[in-house]
Amino acid sequence: MTTTIRLHNTRTRQTEDLVPLIPGKVRMYVCGPTVYDRAHIGNARPVVVFDTLFRLLRHVYGAGNVTYVRNFTDVDDKINAKAAQTGRPIRDITDETIGWYHADMDALGALRPTHEPRATEYIGAMIAMISDLIDRGHAYAAEGHVLFDVRSYAEYGKLSGRSVDDMIAGARVEVAPYKRDPMDFVLWKPSDATLPGWDSPWGRGRPGWHIECSAMSKALLGETFDIHGGGIDLQFPHHENEIAQSCCANHSGQFANIWMHNEMLQVEGKKMSKSLGNFFTVRDLLDQGYPGEVIRFVYLQTHYAKPMDWTHDKAMQADATLRKWRALVAGVEAGKAHDHIVNALADNLNTSLATYWLHHMAAEIQDKQTDLDRGVSGLSYDSEYVAELRRTFLASAQLLGLLLPELGGWDEAGVDLAPWVNRLAGLRAEAMETKDFAPVDALKSALTTAGLEVRMSKAGVELLPGPGFDVGKLPVLE
RNA sequence: GGCGGGUUGGCGGAGAGGUUACGCAGCGGAUUGCAAAUCCGUGAAGACCGGUUCGAUUCCGGUACCCGCCUCCA
């Protein structure tokens, strides 16, 4: 029995069963970054969202049956501007930025997509598609530009629920004398000698923004495929234009089946912007000490279709929860993910509900382990049963990209705490005799100040690093 | 002006037309030298106004407020 995945389709405004166009195989395209600077934490949201979907698809259909394409836009006026400003070659800038992007997204536990095409490697495909559009009467050349004729495509505006006439009435469209209609958008534009350009039937120039995704998805996935994703801000104009180009150029007249859009991210309740001083790149957060796994977990706690607020407080809660969970599966090997988790994700990627189940499973493990430790008689389970629960819990978390070995380590002290453990245990043993607990309390207090959680029980003394743990604040032992 | 999203208990955040979501924090208790952790128990909600219904936080309409897109910032 294969799991049926249901996804909300922005195109039809309905939640639908995912029925792969090629039975048993799923193809997904997600709009990637323009590579001129570090990715900010808003850029990272779709990365985590669609990585989670990718993991679910691989789980349900098999890793070899899912093709995930995410592009790099490496030709763009912002990149040109940066090159002009710094005097560096464009390729240097884009190569460096792609390296950053990989490092930062790896840190969030995002798998690399199957293909990560660079726009500049598909210029020929774009020119071919533009030529097709002209031949079919959907585009026209004018003053070195090639423009898409929105009036030639009756469905234009359907994805975003707009009409061409309404948008023109909004009077916020660029007025250019060579446009037949104000809403017509650029497929190709001329480059002067200072700008990167490629020879084309319309002269030396460079592609407009939208055509690359149409060309690359066609080259790597085919004219039609199953899922197209991206941020809701891309719905118009980018995705609308992609649909227009692809549907008009493709012989099938079809393009992506299901469109998925993630809502935006805010910071401490406000839109992230440089002027408000609440603008963060992923690298900023990592450098500030937020582990990538913590960032990922904060993202997953909010459903992708709802606006999400990044707050320090949420990160601290996520930090504490993950520490607890990591302790629960220390030394455990992953088993098989629980159906509850699979089903929650299969229900339009309900990651919030999935985390509820993780809490539920963790509590069960904790409860049963406590009873075993206490030697409660007449239990209906044994330690092997609890061990199996741990394996299932770990696999379930890993389906969400959490508790992966490669994301670990941040919850460890980084130094051997044994000397402090021994000293505390020694002082405590003495105090038990003398009844003078002042030295014990003094050391305990110092350790707590350093960010350690101090646990003392009949079994012994334990020191666990917490979110604020600072090696430098550890008390010096004589 | 046009299009779209949101408003749930102290905070975060889901599902479901009628039965405790859950997490964090709080409160009471067990345990502890004191704590921590753990365990037991517990209070707390559905922006506002109408409508549909035997019954709505869940469906419909309206109001208010917030946010996003329409300006190649996901």
# chains A, B, ... in the order shown; residues from 1 in each chain; ligands from 1
call {"tool": "select_by_dssp", "arguments": {"residues": "range 121-274 of chain A", "states": "helix (DSSP H, G or I)", "output": "number ranges by chain"}}
result
A: 121-135, 150-152, 164-169, 211-221, 232-249
call {"tool": "residues_around", "arguments": {"residues": "Thr355 in chain A", "least_positions_apart": "2", "cutoff": "12 Å", "atoms": "only C-alpha atoms (C1' of nucleotides)", "output": "PyMOL selection string"}}
result
(chain A and resi 297-303+318+321-322+325+340-342+344-345+349-353+357-362+393+396-402) or (chain B and resi 13-14+21-23)
call {"tool": "write_last_selection", "arguments": {"atoms": "C-alpha atoms (C1' of nucleotides)", "output": "short mmCIF file (atom, residue, chain, number, x, y, z; two decimals), in the first residue's frame"}}
result
data_model
loop_
_atom_site.label_atom_id
_atom_site.label_comp_id
_atom_site.auth_asym_id
_atom_site.auth_seq_id
_atom_site.Cartn_x
_atom_site.Cartn_y
_atom_site.Cartn_z
CA PHE A 297 13.47 22.87 13.45
CA VAL A 298 12.17 26.39 13.99
CA TYR A 299 11.14 26.45 10.33
CA LEU A 300 9.41 23.08 10.49
CA GLN A 301 7.26 24.01 13.45
CA THR A 302 5.22 26.38 11.30
CA HIS A 303 3.24 25.01 8.39
CA ALA A 318 13.94 24.41 19.59
CA THR A 321 13.90 20.23 22.59
CA LEU A 322 16.57 18.97 20.22
CA TRP A 325 15.75 14.35 21.77
CA HIS A 340 2.07 8.84 11.98
CA ILE A 341 4.95 10.95 10.77
CA VAL A 342 4.67 9.79 7.17
CA ALA A 344 1.32 13.89 8.72
CA LEU A 345 3.80 14.87 6.03
CA LEU A 349 3.39 18.55 4.42
CA ASN A 350 1.96 19.13 7.88
CA THR A 351 5.27 19.49 9.66
CA SER A 352 3.58 21.00 12.72
CA LEU A 353 1.54 17.87 13.18
CA TRP A 357 3.98 13.10 16.91
CA LEU A 358 7.68 13.39 17.63
CA HIS A 359 6.85 14.89 21.04
CA HIS A 360 4.34 12.11 21.56
CA MET A 361 6.87 9.39 20.70
CA ALA A 362 9.60 10.97 22.82
CA PHE A 393 11.64 7.73 16.80
CA SER A 396 10.88 9.49 12.12
CA ALA A 397 12.85 12.57 13.09
CA GLN A 398 15.30 11.93 10.30
CA LEU A 399 12.48 11.91 7.76
CA LEU A 400 12.10 15.57 8.72
CA GLY A 401 15.83 16.07 8.35
CA LEU A 402 16.33 16.22 12.13
"C1'" G B 13 1.39 26.31 17.24
"C1'" A B 14 -2.18 22.05 14.95
"C1'" A B 21 -3.96 18.73 20.27
"C1'" C B 22 0.81 19.42 21.52
"C1'" G B 23 5.43 22.20 23.10
#
call {"tool": "atom_distance", "arguments": {"atom1": "CA of Ala334 in chain A", "atom2": "CA of Pro405 in chain A"}}
result
10.4 Å
call {"tool": "interface_residues", "arguments": {"of": "chain A", "to": "chain B", "cutoff": "8 Å", "atoms": "only C-alpha atoms (C1' of nucleotides)", "output": "number ranges by chain"}}
result
A: 42-46, 160-162, 166-167, 169-170, 172, 209, 230-234, 236, 263-264, 301-302, 306-307, 314, 317, 352-353, 356, 359, 370, 432, 435, 437, 453-457
call {"tool": "closest_residue", "arguments": {"among": "A:Ala142, A:His115, A:His261, A:Asp95", "to": "Pro177 in chain A", "atoms": "only C-alpha atoms"}}
result
A:Ala142
call {"tool": "closest_residue", "arguments": {"among": "A:Leu407, A:Ala119, A:Val47, A:Leu18", "to": "Thr34 in chain A", "atoms": "only C-alpha atoms"}}
result
A:Ala119
call {"tool": "residues_around", "arguments": {"residues": "Asn241 in chain A", "least_positions_apart": "4", "cutoff": "12 Å", "atoms": "only C-alpha atoms (C1' of nucleotides)", "output": "mmCIF file with N, CA, C and O atoms (P, O5', C5', C4', C3', O3' and C1' of nucleotides), in the first residue's frame"}}
result
data_model
loop_
_atom_site.group_PDB
_atom_site.id
_atom_site.type_symbol
_atom_site.label_atom_id
_atom_site.label_comp_id
_atom_site.auth_asym_id
_atom_site.auth_seq_id
_atom_site.Cartn_x
_atom_site.Cartn_y
_atom_site.Cartn_z
ATOM 1 N N LEU A 147 9.894 40.356 -26.515
ATOM 2 C CA LEU A 147 8.882 40.444 -25.464
ATOM 3 C C LEU A 147 7.815 39.387 -25.640
ATOM 4 O O LEU A 147 7.466 39.024 -26.772
ATOM 5 N N PHE A 148 7.318 38.920 -24.530
ATOM 6 C CA PHE A 148 6.203 37.982 -24.568
ATOM 7 C C PHE A 148 4.916 38.778 -24.671
ATOM 8 O O PHE A 148 4.709 39.753 -23.946
ATOM 9 N N ASP A 149 4.060 38.340 -25.574
ATOM 10 C CA ASP A 149 2.797 39.023 -25.821
ATOM 11 C C ASP A 149 1.711 38.416 -24.936
ATOM 12 O O ASP A 149 1.157 37.370 -25.243
ATOM 13 N N VAL A 150 1.443 39.077 -23.818
ATOM 14 C CA VAL A 150 0.502 38.485 -22.854
ATOM 15 C C VAL A 150 -0.913 38.348 -23.419
ATOM 16 O O VAL A 150 -1.679 37.486 -23.000
ATOM 17 N N TYR A 153 -2.023 34.943 -24.890
ATOM 18 C CA TYR A 153 -2.233 33.769 -24.039
ATOM 19 C C TYR A 153 -3.416 34.027 -23.127
ATOM 20 O O TYR A 153 -3.337 34.776 -22.148
ATOM 21 N N GLU A 155 -4.867 32.404 -20.914
ATOM 22 C CA GLU A 155 -4.816 31.964 -19.527
ATOM 23 C C GLU A 155 -3.938 32.867 -18.669
ATOM 24 O O GLU A 155 -3.751 32.588 -17.479
ATOM 25 N N TYR A 156 -3.346 33.889 -19.254
ATOM 26 C CA TYR A 156 -2.402 34.708 -18.497
ATOM 27 C C TYR A 156 -3.085 35.329 -17.284
ATOM 28 O O TYR A 156 -4.127 35.989 -17.410
ATOM 29 N N GLY A 157 -2.487 35.121 -16.100
ATOM 30 C CA GLY A 157 -3.057 35.663 -14.864
ATOM 31 C C GLY A 157 -3.832 34.642 -14.058
ATOM 32 O O GLY A 157 -4.259 34.905 -12.943
ATOM 33 N N LYS A 158 -4.002 33.451 -14.621
ATOM 34 C CA LYS A 158 -4.844 32.457 -13.960
ATOM 35 C C LYS A 158 -4.224 31.950 -12.652
ATOM 36 O O LYS A 158 -4.916 31.775 -11.647
ATOM 37 N N LEU A 159 -2.923 31.751 -12.659
ATOM 38 C CA LEU A 159 -2.255 31.228 -11.460
ATOM 39 C C LEU A 159 -2.422 32.175 -10.285
ATOM 40 O O LEU A 159 -2.711 31.772 -9.166
ATOM 41 N N SER A 160 -2.218 33.453 -10.544
ATOM 42 C CA SER A 160 -2.224 34.423 -9.455
ATOM 43 C C SER A 160 -3.584 35.099 -9.295
ATOM 44 O O SER A 160 -3.742 35.975 -8.452
ATOM 45 N N MET A 183 1.832 45.080 -20.051
ATOM 46 C CA MET A 183 2.119 43.891 -19.256
ATOM 47 C C MET A 183 3.094 42.931 -19.931
ATOM 48 O O MET A 183 3.525 41.956 -19.321
ATOM 49 N N ASP A 184 3.390 43.153 -21.175
ATOM 50 C CA ASP A 184 4.340 42.282 -21.867
ATOM 51 C C ASP A 184 5.670 42.290 -21.106
ATOM 52 O O ASP A 184 6.110 43.330 -20.608
ATOM 53 N N PHE A 185 6.277 41.115 -21.001
ATOM 54 C CA PHE A 185 7.517 41.030 -20.227
ATOM 55 C C PHE A 185 8.677 40.548 -21.105
ATOM 56 O O PHE A 185 8.466 39.945 -22.158
ATOM 57 N N VAL A 186 9.870 40.837 -20.637
ATOM 58 C CA VAL A 186 11.073 40.635 -21.435
ATOM 59 C C VAL A 186 11.534 39.177 -21.432
ATOM 60 O O VAL A 186 11.666 38.557 -20.382
ATOM 61 N N LEU A 187 11.769 38.668 -22.627
ATOM 62 C CA LEU A 187 12.368 37.335 -22.776
ATOM 63 C C LEU A 187 13.868 37.468 -23.035
ATOM 64 O O LEU A 187 14.659 36.635 -22.634
ATOM 65 N N GLY A 208 15.955 37.428 -20.203
ATOM 66 C CA GLY A 208 15.154 37.999 -19.120
ATOM 67 C C GLY A 208 15.111 36.988 -17.983
ATOM 68 O O GLY A 208 15.591 35.864 -18.102
ATOM 69 N N TRP A 209 14.503 37.406 -16.889
ATOM 70 C CA TRP A 209 14.575 36.595 -15.683
ATOM 71 C C TRP A 209 13.836 35.265 -15.805
ATOM 72 O O TRP A 209 14.308 34.216 -15.362
ATOM 73 N N HIS A 210 12.649 35.296 -16.398
ATOM 74 C CA HIS A 210 11.748 34.144 -16.268
ATOM 75 C C HIS A 210 12.067 32.972 -17.191
ATOM 76 O O HIS A 210 11.785 31.830 -16.869
ATOM 77 N N ILE A 211 12.665 33.262 -18.325
ATOM 78 C CA ILE A 211 12.810 32.241 -19.356
ATOM 79 C C ILE A 211 13.718 31.088 -18.909
ATOM 80 O O ILE A 211 13.555 29.950 -19.344
ATOM 81 N N GLU A 212 14.646 31.381 -18.027
ATOM 82 C CA GLU A 212 15.585 30.332 -17.626
ATOM 83 C C GLU A 212 14.884 29.139 -16.983
ATOM 84 O O GLU A 212 15.230 27.987 -17.237
ATOM 85 N N CYS A 213 13.900 29.431 -16.134
ATOM 86 C CA CYS A 213 13.238 28.322 -15.442
ATOM 87 C C CYS A 213 12.432 27.473 -16.424
ATOM 88 O O CYS A 213 12.363 26.242 -16.297
ATOM 89 N N SER A 214 11.824 28.142 -17.406
ATOM 90 C CA SER A 214 11.088 27.392 -18.424
ATOM 91 C C SER A 214 12.041 26.501 -19.214
ATOM 92 O O SER A 214 11.745 25.333 -19.499
ATOM 93 N N LEU A 234 6.865 34.750 -5.563
ATOM 94 C CA LEU A 234 7.210 34.453 -6.955
ATOM 95 C C LEU A 234 5.984 34.144 -7.800
ATOM 96 O O LEU A 234 6.071 34.051 -9.027
ATOM 97 N N GLN A 235 4.857 33.973 -7.115
ATOM 98 C CA GLN A 235 3.650 33.577 -7.849
ATOM 99 C C GLN A 235 3.388 34.554 -8.996
ATOM 100 O O GLN A 235 3.067 34.137 -10.108
ATOM 101 N N PHE A 236 3.516 35.821 -8.690
ATOM 102 C CA PHE A 236 3.440 36.826 -9.736
ATOM 103 C C PHE A 236 4.598 37.799 -9.567
ATOM 104 O O PHE A 236 4.852 38.236 -8.463
ATOM 105 N N PRO A 237 5.309 38.119 -10.615
ATOM 106 C CA PRO A 237 5.062 37.671 -11.987
ATOM 107 C C PRO A 237 5.806 36.407 -12.398
ATOM 108 O O PRO A 237 5.485 35.825 -13.435
ATOM 109 N N GLN A 245 5.155 31.210 -20.842
ATOM 110 C CA GLN A 245 6.213 30.825 -21.781
ATOM 111 C C GLN A 245 6.152 29.338 -22.097
ATOM 112 O O GLN A 245 6.211 28.923 -23.258
ATOM 113 N N SER A 246 6.079 28.542 -21.050
ATOM 114 C CA SER A 246 6.166 27.096 -21.245
ATOM 115 C C SER A 246 4.938 26.545 -21.952
ATOM 116 O O SER A 246 5.051 25.740 -22.870
ATOM 117 N N CYS A 247 3.780 26.981 -21.528
ATOM 118 C CA CYS A 247 2.566 26.448 -22.144
ATOM 119 C C CYS A 247 2.468 26.851 -23.615
ATOM 120 O O CYS A 247 1.962 26.098 -24.436
ATOM 121 N N CYS A 248 2.962 28.046 -23.938
ATOM 122 C CA CYS A 248 2.890 28.499 -25.323
ATOM 123 C C CYS A 248 3.981 27.871 -26.193
ATOM 124 O O CYS A 248 3.814 27.716 -27.390
ATOM 125 N N PHE A 255 2.278 22.275 -18.466
ATOM 126 C CA PHE A 255 3.527 22.577 -17.763
ATOM 127 C C PHE A 255 3.487 21.847 -16.425
ATOM 128 O O PHE A 255 3.209 20.653 -16.404
ATOM 129 P P C B 72 10.887 45.078 -10.599
ATOM 130 O "O5'" C B 72 11.178 44.201 -9.344
ATOM 131 C "C5'" C B 72 12.434 43.658 -9.107
ATOM 132 C "C4'" C B 72 12.480 42.241 -9.656
ATOM 133 C "C3'" C B 72 13.865 41.676 -9.551
ATOM 134 O "O3'" C B 72 13.987 41.004 -8.301
ATOM 135 C "C1'" C B 72 12.979 41.291 -11.724
#
call {"tool": "closest_residue", "arguments": {"among": "B:U20, B:G9, B:G26, B:U63", "to": "A47 in chain B", "atoms": "only C-alpha atoms (C1' of nucleotides)"}}
result
B:U63
call {"tool": "atom_distance", "arguments": {"atom1": "CA of Val66 in chain A", "atom2": "CA of Asp339 in chain A"}}
result
20.4 Å
call {"tool": "select_by_dssp", "arguments": {"residues": "range 191-420 of chain A", "states": "strand (DSSP E or B)", "output": "PDB file with N, CA, C and O atoms, in the first residue's frame"}}
result
ATOM      1  N   TRP A 198      25.313  37.159 -25.060  1.00  0.00           N
ATOM      2  CA  TRP A 198      25.449  36.003 -25.950  1.00  0.00           C
ATOM      3  C   TRP A 198      24.862  36.389 -27.309  1.00  0.00           C
ATOM      4  O   TRP A 198      23.902  37.164 -27.375  1.00  0.00           O
ATOM      5  N   GLY A 205      22.985  39.786 -26.542  1.00  0.00           N
ATOM      6  CA  GLY A 205      22.135  40.161 -25.415  1.00  0.00           C
ATOM      7  C   GLY A 205      22.142  39.099 -24.335  1.00  0.00           C
ATOM      8  O   GLY A 205      22.995  38.214 -24.314  1.00  0.00           O
ATOM      9  N   ARG A 206      21.181  39.216 -23.434  1.00  0.00           N
ATOM     10  CA  ARG A 206      21.089  38.280 -22.314  1.00  0.00           C
ATOM     11  C   ARG A 206      19.615  37.996 -22.032  1.00  0.00           C
ATOM     12  O   ARG A 206      18.742  38.817 -22.377  1.00  0.00           O
ATOM     13  N   PRO A 207      19.346  36.877 -21.368  1.00  0.00           N
ATOM     14  CA  PRO A 207      17.941  36.498 -21.166  1.00  0.00           C
ATOM     15  C   PRO A 207      17.259  37.339 -20.100  1.00  0.00           C
ATOM     16  O   PRO A 207      17.908  37.846 -19.186  1.00  0.00           O
ATOM     17  N   PHE A 225       5.796  18.143 -15.778  1.00  0.00           N
ATOM     18  CA  PHE A 225       6.319  17.458 -14.597  1.00  0.00           C
ATOM     19  C   PHE A 225       5.336  17.661 -13.452  1.00  0.00           C
ATOM     20  O   PHE A 225       4.285  18.297 -13.645  1.00  0.00           O
ATOM     21  N   ASP A 226       5.673  17.121 -12.273  1.00  0.00           N
ATOM     22  CA  ASP A 226       4.646  17.000 -11.242  1.00  0.00           C
ATOM     23  C   ASP A 226       4.490  18.210 -10.326  1.00  0.00           C
ATOM     24  O   ASP A 226       3.387  18.650 -10.055  1.00  0.00           O
ATOM     25  N   ILE A 227       5.612  18.709  -9.820  1.00  0.00           N
ATOM     26  CA  ILE A 227       5.525  19.747  -8.784  1.00  0.00           C
ATOM     27  C   ILE A 227       6.454  20.901  -9.132  1.00  0.00           C
ATOM     28  O   ILE A 227       7.614  20.688  -9.505  1.00  0.00           O
ATOM     29  N   HIS A 228       5.931  22.108  -9.010  1.00  0.00           N
ATOM     30  CA  HIS A 228       6.771  23.296  -9.136  1.00  0.00           C
ATOM     31  C   HIS A 228       6.611  24.102  -7.864  1.00  0.00           C
ATOM     32  O   HIS A 228       5.495  24.416  -7.468  1.00  0.00           O
ATOM     33  N   GLY A 229       7.718  24.418  -7.212  1.00  0.00           N
ATOM     34  CA  GLY A 229       7.629  25.119  -5.940  1.00  0.00           C
ATOM     35  C   GLY A 229       8.390  26.433  -5.921  1.00  0.00           C
ATOM     36  O   GLY A 229       9.179  26.735  -6.811  1.00  0.00           O
ATOM     37  N   GLY A 230       8.116  27.199  -4.858  1.00  0.00           N
ATOM     38  CA  GLY A 230       8.817  28.461  -4.655  1.00  0.00           C
ATOM     39  C   GLY A 230       8.074  29.313  -3.645  1.00  0.00           C
ATOM     40  O   GLY A 230       7.023  28.914  -3.142  1.00  0.00           O
ATOM     41  N   GLY A 231       8.611  30.455  -3.346  1.00  0.00           N
ATOM     42  CA  GLY A 231       7.964  31.366  -2.402  1.00  0.00           C
ATOM     43  C   GLY A 231       6.736  32.007  -3.026  1.00  0.00           C
ATOM     44  O   GLY A 231       6.658  32.175  -4.243  1.00  0.00           O
ATOM     45  N   ALA A 256       3.746  22.546 -15.340  1.00  0.00           N
ATOM     46  CA  ALA A 256       3.751  21.874 -14.037  1.00  0.00           C
ATOM     47  C   ALA A 256       2.331  21.533 -13.610  1.00  0.00           C
ATOM     48  O   ALA A 256       1.411  22.319 -13.807  1.00  0.00           O
ATOM     49  N   ASN A 257       2.174  20.374 -12.997  1.00  0.00           N
ATOM     50  CA  ASN A 257       0.853  19.923 -12.577  1.00  0.00           C
ATOM     51  C   ASN A 257       0.437  20.597 -11.271  1.00  0.00           C
ATOM     52  O   ASN A 257      -0.594  21.256 -11.197  1.00  0.00           O
ATOM     53  N   ILE A 258       1.255  20.425 -10.251  1.00  0.00           N
ATOM     54  CA  ILE A 258       0.935  21.011  -8.941  1.00  0.00           C
ATOM     55  C   ILE A 258       1.896  22.164  -8.644  1.00  0.00           C
ATOM     56  O   ILE A 258       3.114  22.000  -8.747  1.00  0.00           O
ATOM     57  N   TRP A 259       1.337  23.305  -8.276  1.00  0.00           N
ATOM     58  CA  TRP A 259       2.149  24.463  -7.879  1.00  0.00           C
ATOM     59  C   TRP A 259       2.067  24.623  -6.379  1.00  0.00           C
ATOM     60  O   TRP A 259       0.968  24.667  -5.809  1.00  0.00           O
ATOM     61  N   MET A 260       3.224  24.714  -5.750  1.00  0.00           N
ATOM     62  CA  MET A 260       3.237  24.900  -4.287  1.00  0.00           C
ATOM     63  C   MET A 260       3.990  26.174  -3.941  1.00  0.00           C
ATOM     64  O   MET A 260       5.064  26.429  -4.486  1.00  0.00           O
ATOM     65  N   HIS A 261       3.411  26.941  -3.037  1.00  0.00           N
ATOM     66  CA  HIS A 261       4.042  28.199  -2.636  1.00  0.00           C
ATOM     67  C   HIS A 261       4.131  28.280  -1.111  1.00  0.00           C
ATOM     68  O   HIS A 261       3.131  28.084  -0.424  1.00  0.00           O
ATOM     69  N   ASN A 262       5.310  28.576  -0.621  1.00  0.00           N
ATOM     70  CA  ASN A 262       5.458  28.786   0.814  1.00  0.00           C
ATOM     71  C   ASN A 262       5.231  30.252   1.141  1.00  0.00           C
ATOM     72  O   ASN A 262       5.557  31.134   0.344  1.00  0.00           O
ATOM     73  N   LEU A 265       8.497  34.840   5.479  1.00  0.00           N
ATOM     74  CA  LEU A 265       9.099  34.803   6.805  1.00  0.00           C
ATOM     75  C   LEU A 265       9.235  36.222   7.337  1.00  0.00           C
ATOM     76  O   LEU A 265       9.550  37.149   6.595  1.00  0.00           O
ATOM     77  N   GLN A 266       8.977  36.362   8.619  1.00  0.00           N
ATOM     78  CA  GLN A 266       9.192  37.650   9.274  1.00  0.00           C
ATOM     79  C   GLN A 266      10.190  37.461  10.413  1.00  0.00           C
ATOM     80  O   GLN A 266      10.491  36.331  10.795  1.00  0.00           O
ATOM     81  N   VAL A 267      10.674  38.554  10.952  1.00  0.00           N
ATOM     82  CA  VAL A 267      11.614  38.480  12.071  1.00  0.00           C
ATOM     83  C   VAL A 267      11.066  39.305  13.224  1.00  0.00           C
ATOM     84  O   VAL A 267      10.810  40.499  13.059  1.00  0.00           O
ATOM     85  N   LYS A 270       8.137  41.427  12.352  1.00  0.00           N
ATOM     86  CA  LYS A 270       8.211  42.468  11.315  1.00  0.00           C
ATOM     87  C   LYS A 270       8.868  41.929  10.058  1.00  0.00           C
ATOM     88  O   LYS A 270       9.642  40.972  10.106  1.00  0.00           O
ATOM     89  N   LYS A 271       8.549  42.575   8.969  1.00  0.00           N
ATOM     90  CA  LYS A 271       9.179  42.194   7.710  1.00  0.00           C
ATOM     91  C   LYS A 271      10.682  42.392   7.848  1.00  0.00           C
ATOM     92  O   LYS A 271      11.143  43.401   8.366  1.00  0.00           O
ATOM     93  N   THR A 281      21.402  36.879   7.289  1.00  0.00           N
ATOM     94  CA  THR A 281      21.692  35.770   6.394  1.00  0.00           C
ATOM     95  C   THR A 281      21.756  34.505   7.239  1.00  0.00           C
ATOM     96  O   THR A 281      21.878  34.557   8.468  1.00  0.00           O
ATOM     97  N   MET A 308       5.619  32.805   8.744  1.00  0.00           N
ATOM     98  CA  MET A 308       6.422  32.317   9.856  1.00  0.00           C
ATOM     99  C   MET A 308       7.246  33.437  10.448  1.00  0.00           C
ATOM    100  O   MET A 308       7.756  34.279   9.730  1.00  0.00           O
ATOM    101  N   ASP A 309       7.317  33.435  11.772  1.00  0.00           N
ATOM    102  CA  ASP A 309       8.071  34.470  12.463  1.00  0.00           C
ATOM    103  C   ASP A 309       9.337  33.847  13.030  1.00  0.00           C
ATOM    104  O   ASP A 309       9.266  32.858  13.761  1.00  0.00           O
ATOM    105  N   TRP A 310      10.474  34.409  12.688  1.00  0.00           N
ATOM    106  CA  TRP A 310      11.721  33.959  13.303  1.00  0.00           C
ATOM    107  C   TRP A 310      11.944  34.765  14.569  1.00  0.00           C
ATOM    108  O   TRP A 310      11.952  35.998  14.531  1.00  0.00           O
ATOM    109  N   ASP A 347       0.000  14.663   4.384  1.00  0.00           N
ATOM    110  CA  ASP A 347      -1.161  15.539   4.407  1.00  0.00           C
ATOM    111  C   ASP A 347      -0.695  16.982   4.200  1.00  0.00           C
ATOM    112  O   ASP A 347      -0.598  17.774   5.138  1.00  0.00           O
TER     113      ASP A 347
END
call {"tool": "closest_residue", "arguments": {"among": "A:Leu108, A:Ile365, A:Ala176, A:Leu220", "to": "Tyr290 in chain A", "atoms": "only C-alpha atoms"}}
result
A:Leu108
call {"tool": "atom_distance", "arguments": {"atom1": "CA of Ser383 in chain A", "atom2": "CA of Lys324 in chain A"}}
result
19.6 Å
call {"tool": "residues_around", "arguments": {"residues": "Glu412 in chain A", "least_positions_apart": "6", "cutoff": "12 Å", "atoms": "only C-alpha atoms (C1' of nucleotides)", "output": "ChimeraX atom specification"}}
result
/A:291,322-324,326-327,330,452,463-467,469-471
call {"tool": "write_last_selection", "arguments": {"atoms": "N, CA and C atoms", "output": "short mmCIF file (atom, residue, chain, number, x, y, z; two decimals), in the first residue's frame"}}
result
data_model
loop_
_atom_site.label_atom_id
_atom_site.label_comp_id
_atom_site.auth_asym_id
_atom_site.auth_seq_id
_atom_site.Cartn_x
_atom_site.Cartn_y
_atom_site.Cartn_z
N PRO A 291 22.68 26.64 15.91
CA PRO A 291 23.01 25.49 15.07
C PRO A 291 22.03 25.36 13.90
N LEU A 322 15.66 19.82 20.98
CA LEU A 322 16.57 18.97 20.22
C LEU A 322 17.64 18.34 21.12
N ARG A 323 18.08 19.08 22.12
CA ARG A 323 19.04 18.50 23.06
C ARG A 323 18.44 17.29 23.76
N LYS A 324 17.19 17.46 24.18
CA LYS A 324 16.50 16.38 24.87
C LYS A 324 16.37 15.17 23.94
N ARG A 326 18.09 14.46 21.23
CA ARG A 326 19.38 13.86 20.88
C ARG A 326 19.88 12.94 22.00
N ALA A 327 19.64 13.35 23.25
CA ALA A 327 20.04 12.51 24.37
C ALA A 327 19.26 11.19 24.36
N ALA A 330 20.93 8.80 21.68
CA ALA A 330 22.39 8.66 21.65
C ALA A 330 22.75 7.19 21.44
N LEU A 452 25.80 25.13 32.30
CA LEU A 452 25.62 23.69 32.43
C LEU A 452 24.36 23.39 33.24
N LEU A 463 26.67 16.46 34.24
CA LEU A 463 26.72 17.84 33.77
C LEU A 463 26.36 17.85 32.29
N LEU A 464 25.35 18.63 31.95
CA LEU A 464 24.90 18.69 30.56
C LEU A 464 24.97 20.12 30.06
N PRO A 465 25.63 20.34 28.94
CA PRO A 465 25.69 21.70 28.40
C PRO A 465 24.31 22.15 27.92
N GLY A 466 23.95 23.39 28.23
CA GLY A 466 22.69 23.96 27.77
C GLY A 466 22.95 24.98 26.67
N PRO A 467 21.89 25.68 26.22
CA PRO A 467 22.03 26.63 25.12
C PRO A 467 23.10 27.70 25.35
N PHE A 469 25.86 27.50 27.12
CA PHE A 469 27.11 26.98 27.65
C PHE A 469 28.33 27.71 27.08
N ASP A 470 29.21 28.11 27.98
CA ASP A 470 30.41 28.86 27.58
C ASP A 470 31.61 28.24 28.32
N VAL A 471 32.47 27.59 27.53
CA VAL A 471 33.64 26.93 28.12
C VAL A 471 34.46 27.90 28.96
#
call {"tool": "closest_residue", "arguments": {"among": "B:C40, B:A25, B:G17, B:G10", "to": "U52 in chain B", "atoms": "only C-alpha atoms (C1' of nucleotides)"}}
result
B:G17
call {"tool": "residues_around", "arguments": {"residues": "Met216 in chain A", "least_positions_apart": "3", "cutoff": "10 Å", "atoms": "only C-alpha atoms (C1' of nucleotides)", "output": "MDAnalysis selection string"}}
result
chainID A and resid 29 69:71 116:119 121:123 125:126 211:213 219:222
